[in-house]
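A quick write-up on the structure given underneath.
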Amino acid sequence: MVARALRTVRVGFWLGWQVQSNWTDPFLFFVYSVARPLGGTLILVFMFFVVAGGRRGPMLDFFVVGAALWPTVVWAMQGLAWGLLEDREHFKTIAYIYTAPIPFWAYLVGRGLASAVVAMPATLLTLIAGIALLRVPIILPLDHIPYLVAAFGLGVVGLLAIGMTTVGLLFLISGEAWRLPEAMGQALYLLCGAVFPITVLPGWLEPAARLLPVTYWLEAMRRVFLPADAVRSFPGMGDGPLLGTLLLVTAIWAAIAALAYAAGLTRARQKGILDFSTGY
Amino acid sequence: MRLQRAWYAIRGRAYPRTVGAAREPSWIFYDLALPILGVFAFVFVYRALDAPAQFTSYVIMGGATIAFWMNVMWNMAAQFYWEKHQGNLELYMMAPCGLVPILLGMAWGGMLATTVRAAVVVAVGILLFKAPLAVSSWPLFVLIFTLGLIALYGLGMFFSSLFLLWGREAWHMVSLLQEPVYLVSGFYFPVRALGLWVGMAASIIPITLALDGLRQVMFPSFHPGLLPVRWEVLGLAALAVLFVVLALRMLRFMERLARQEGRLSFRW
């Protein structure tokens with residue numbers, strides 16, 4: 001069962017990579033994969049400099065690390081959703097894939113991971129540009145690497161869980177289905193402290209931010225890359241408790257994702273709309 | 001007679017979108033509530049930086065403009081890609097109305113959701129964030145807005161012609177024209193911050209001049225304009241003519257090329 005799931009993830013990953021990348025040559029694909037994230041980062045950089053009058057400050061460091069990691073957030077989460085939508089609405093292959101003797105969720109996870117990998121060059125390039133051009137004090141001491149690996153792994157699982165929850169909803173949505181993954185990304189952008197500390201959010205919105213694994217993941221990654229005196233979303237929380245909270249919230253979201261996926265799939269099959277597509 | 005056929009085609013293509021929006025009102029949540037949250041994220045960025053209130057207005061205006069940009073790029077330009085997949089494109093080519101009325105119908109049909117989205121962004125921005133959005137000259141505001149829309153939809157028609165020949169490549173290109181365009185057009189900050197020449201180069205995108213002109217009309221003493229307003233109005237008028245003429249020519253040219261190369265119904 002596990003071996004079959006892993007094999008399906010691998011095949012889903014391969015297919016996802018082909019779908020993402022084989023429409024052009026590698027150089028153009030690289031440009032494509034970094035242009036949007038770099039554009040997003042530069043928007044924040046210019047917003048900062050317009051207000052700060054050209055002077056740098058700690059919020060710039062916060063922006064750069066958050067903006068560097070954001071593509072991974074968006075692409076991993078949306079990759080699952082796009083995988084479902086492309087197969088259902090675009091390639092019209094969902095019926096064939098679903099009826100194949102593979103766990104469908106594992107196939108979608110593979111598609112999501114392929115998207116996350118596409119985001120990696122943009123993440124690396126943004127961090128490098130941040131160090132070289134904006135003098136962001138990004139450091140990676142060797143003793144931070146186990147923390148980085150643990151936090152990154154949990155973060156990716158959390159992102160896939162949010163993506164799978166979205167898939168559960170998408171099973172039941174037709175006309176606006178294409179907009180939902182993008183919209184979910186927009187909502188996360190506001191809530192998870194990607195580009196500003198969640199302490200800036202109004203009091204009634206901050207609890208929502210605390211329910212998302214991405215909030216803790218981004219904070220953990222900032223603690224890995226930035227010095228101890230950097231701006232933080234959870235200034236009163238230590239590194240260990242932060243990782244523990246990330247683990248707990250990720251586990252909760254994994255359970256929610258499993259329920260949402262199963263419920264959405266069951267209902268879609270009952271209504272006969274699993275391969276239902278509308279475009280107007 | 002030709003005008004009547006064009007009008008029927010515009011109405012006919014707009015109909016499924018308008019009716020679809022009414023039949024499936026869930027778009028109000030997916031297309032309004034959630035994207036607005038993304039716009040508000042930029043408001044909080046400025047709040048984290050203790051920026052003056054006018055910067056909140058910049059973000060609100062940029063957020064409202066995104067609705068139009070997305071409508072033009074996805075519901076108009078890239079729509080031919082989906083029509084190819086669904087087999088409708090060949091039917092459009094056979095219809096005795098031409099492609100332009102079809103494109104205008106798409107834009108018109110998507111305008112309901114777009115206008116509502118833009119209006120909601122502005123309304124929530126004023127009510128929730130107390131964004132100062134005063135207009136110093138309504139005639140000038142309406143003129144810039146109208147010219148900007150004509151130029152923008154001309155650009156959308158121009159891009160749609162690419163889909164007659166290409167498939168995934170053009171889709172990815174449209175996908176690319178989001179954050180980089182938001183950056184160079186100054187959706188969230190004065191475009192002058194990019195420097196005069198970058199701003200001038202970015203003015204080929206009609207939204208750049210339109211947003212800058214509207215901001216000058218709204219914050220005459222605060223906003224560092226790229227050019228004097230009357231120059232921007234002239235520029236927008238030139239872009240409107242240029243893109244509409246270019247779009248009509250490109251649609252004819254690309255259609256002929258796609259027919260010659262047999263790629264009109266090539267789906268991938």
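Following the order of the structure tokens, chains are lettered A, B, ..., residues in each are numbered from 1, and ligands are numbered from 1.
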
| task | Check range 41-234 of chain B with DSSP on the backbone and list each residue it calls helix (DSSP H, G or I), as a PyMOL selection string. | result | chain B and resi 41-48+53-77+79-86+88-94+99-129+138-165+168-176+179-184+191-194+196-202+206-218+229-234

| task | Find the residues in chain A near chain B: any atom within 8 Å counts, using only C-alpha atoms. Write them as a PyMOL selection string. | result | chain A and resi 23-24+32+35-40+42-43+46-48+50-52+59+90+175-176+179-180+182-191+195-197+200-201+279-280

Pick out the residues sitting within 8 Å of range 62-65 of chain A, and hand them over as a PDB file with N, CA and C atoms, in the first residue's frame; count only C-alpha atoms, and ignore anything fewer than 3 positions along from it in its own chain.
ATOM      1  N   THR A  41       8.600  40.060  -5.218  1.00  0.00           N
ATOM      2  CA  THR A  41       9.573  40.545  -4.224  1.00  0.00           C
ATOM      3  C   THR A  41       9.906  42.006  -4.469  1.00  0.00           C
ATOM      4  N   LEU A  44       7.468  44.534  -3.156  1.00  0.00           N
ATOM      5  CA  LEU A  44       7.638  44.802  -1.716  1.00  0.00           C
ATOM      6  C   LEU A  44       8.854  45.683  -1.456  1.00  0.00           C
ATOM      7  N   VAL A  45       9.926  45.406  -2.189  1.00  0.00           N
ATOM      8  CA  VAL A  45      11.155  46.191  -1.997  1.00  0.00           C
ATOM      9  C   VAL A  45      10.892  47.662  -2.339  1.00  0.00           C
ATOM     10  N   PRO A  58      14.980  46.721   9.291  1.00  0.00           N
ATOM     11  CA  PRO A  58      14.698  45.308   9.575  1.00  0.00           C
ATOM     12  C   PRO A  58      13.473  44.754   8.852  1.00  0.00           C
ATOM     13  N   MET A  59      12.499  45.633   8.539  1.00  0.00           N
ATOM     14  CA  MET A  59      11.321  45.128   7.828  1.00  0.00           C
ATOM     15  C   MET A  59      11.692  44.643   6.426  1.00  0.00           C
ATOM     16  N   ALA A  68      10.797  35.390  -0.585  1.00  0.00           N
ATOM     17  CA  ALA A  68      11.570  34.300  -1.190  1.00  0.00           C
ATOM     18  C   ALA A  68      10.863  32.959  -0.998  1.00  0.00           C
ATOM     19  N   LEU A  69      10.262  32.765   0.167  1.00  0.00           N
ATOM     20  CA  LEU A  69       9.620  31.482   0.461  1.00  0.00           C
ATOM     21  C   LEU A  69       8.200  31.400  -0.098  1.00  0.00           C
ATOM     22  N   THR A 126      15.966  34.684  -5.059  1.00  0.00           N
ATOM     23  CA  THR A 126      15.540  35.830  -4.248  1.00  0.00           C
ATOM     24  C   THR A 126      16.436  35.970  -3.021  1.00  0.00           C
ATOM     25  N   LEU A 127      16.756  34.849  -2.381  1.00  0.00           N
ATOM     26  CA  LEU A 127      17.632  34.921  -1.196  1.00  0.00           C
ATOM     27  C   LEU A 127      19.020  35.446  -1.588  1.00  0.00           C
ATOM     28  N   GLY A 130      18.800  39.040  -2.351  1.00  0.00           N
ATOM     29  CA  GLY A 130      18.623  39.761  -1.086  1.00  0.00           C
ATOM     30  C   GLY A 130      19.949  40.002  -0.388  1.00  0.00           C
ATOM     31  N   VAL A 136      20.708  41.967   2.881  1.00  0.00           N
ATOM     32  CA  VAL A 136      19.904  41.295   3.916  1.00  0.00           C
ATOM     33  C   VAL A 136      20.821  40.321   4.652  1.00  0.00           C
ATOM     34  N   ALA A 194       3.229  36.390   5.666  1.00  0.00           N
ATOM     35  CA  ALA A 194       4.254  36.227   4.620  1.00  0.00           C
ATOM     36  C   ALA A 194       5.073  37.491   4.463  1.00  0.00           C
ATOM     37  N   VAL A 195       4.403  38.642   4.484  1.00  0.00           N
ATOM     38  CA  VAL A 195       5.119  39.877   4.177  1.00  0.00           C
ATOM     39  C   VAL A 195       5.003  40.937   5.277  1.00  0.00           C
ATOM     40  N   PHE A 196       4.361  40.600   6.351  1.00  0.00           N
ATOM     41  CA  PHE A 196       4.363  41.488   7.525  1.00  0.00           C
ATOM     42  C   PHE A 196       4.101  40.621   8.757  1.00  0.00           C
ATOM     43  N   ARG A 222      12.313  32.010   8.994  1.00  0.00           N
ATOM     44  CA  ARG A 222      12.967  33.305   9.259  1.00  0.00           C
ATOM     45  C   ARG A 222      13.960  33.168  10.404  1.00  0.00           C
ATOM     46  N   PHE A 225      17.119  31.724   9.005  1.00  0.00           N
ATOM     47  CA  PHE A 225      17.921  32.544   8.093  1.00  0.00           C
ATOM     48  C   PHE A 225      18.342  33.906   8.660  1.00  0.00           C
ATOM     49  N   ALA A 230      15.908  39.996  14.537  1.00  0.00           N
ATOM     50  CA  ALA A 230      15.044  40.334  13.390  1.00  0.00           C
ATOM     51  C   ALA A 230      13.590  40.468  13.850  1.00  0.00           C
ATOM     52  N   VAL A 231      12.794  41.123  12.988  1.00  0.00           N
ATOM     53  CA  VAL A 231      11.364  41.280  13.270  1.00  0.00           C
ATOM     54  C   VAL A 231      10.718  39.897  13.262  1.00  0.00           C
TER      55      VAL A 231
END

| query | Using only C-alpha atoms, which of the listed residues (A:Leu133, A:Leu140, A:Leu226, A:Ile94) sits closest to Tyr107 in chain A? | reply |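 Of A:Leu133, A:Leu140, A:Leu226, A:Ile94, the one nearest Tyr107 in chain A, counting only C-alpha atoms, is A:Ile94.
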
| field | Separation of CA of Gly16 in chain A from CA of Thr165 in chain A in Å | value |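 For CA of Thr165 in chain A relative to CA of Gly16 in chain A, the distance reads 19.2 Å.
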
| Between CA of Thr266 in chain A and CA of Met1 in chain A, what is the distance, to one decimal in Å? |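 These atoms are spaced 20.9 Å apart.
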
| message | Ranking B:Ile102, B:Val120, B:Ala77, B:Ala67 by minimum distance to Trp7 in chain B and counting only C-alpha atoms, which one comes first? | response | B:Ile102

| message | So that I can check the surroundings of Pro181 in chain A, please list as a count of residues only every protein, DNA and RNA residue that reaches within 10 Å of it, counting only C-alpha atoms and ignoring chain neighbours fewer than 5 positions away. | response | 17

| For Gly264 in chain A, the nearest of the candidates A:Pro241, A:Gly193, A:Pro213, A:Gly168, counting only C-alpha atoms |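 Ranked by minimum distance to Gly264 in chain A, first place goes to A:Gly168.
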
| Atom pair CA of Ile138 in chain A / CA of Leu125 in chain A: separation (Å) |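 Between CA of Ile138 in chain A and CA of Leu125 in chain A the gap is 12.9 Å.
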
| task | Go through B:Leu211, B:Val217, B:Trp231, B:Met73 one by one, measure the shortest atom-to-atom distance of each to Ser160 in chain B using only C-alpha atoms, and give the residue with the smallest value. | result |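 Of B:Leu211, B:Val217, B:Trp231, B:Met73, the one nearest Ser160 in chain B, counting only C-alpha atoms, is B:Met73.
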
| message | Counting only C-alpha atoms, which residue out of A:Trp17, A:Phe27, A:Tyr96, A:Phe171 sits closest to Ser277 in chain A? | response |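 Checking each of A:Trp17, A:Phe27, A:Tyr96, A:Phe171 against Ser277 in chain A, counting only C-alpha atoms, the winner is A:Phe171.
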
| message | Need to verify the contact set: Leu172 in chain A, 10 Å, only C-alpha atoms, exclusion of same-chain residues closer than 2 positions in sequence. Can you return it as a list in words? | response |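 Result of the neighbour search: Val167, Gly168, Leu169, Leu170, Ser174, Ala177, Ala263, Gly264, Leu265, Thr266, Arg267, Ala268, Arg269, Lys271, Ile273, Leu274 and Phe276 of chain A.
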
| field | Residue nearest Thr8 in chain A - candidates A:Gly272, A:Pro26, A:Pro141, A:Pro103, atoms counted: only C-alpha atoms | value | A:Pro103
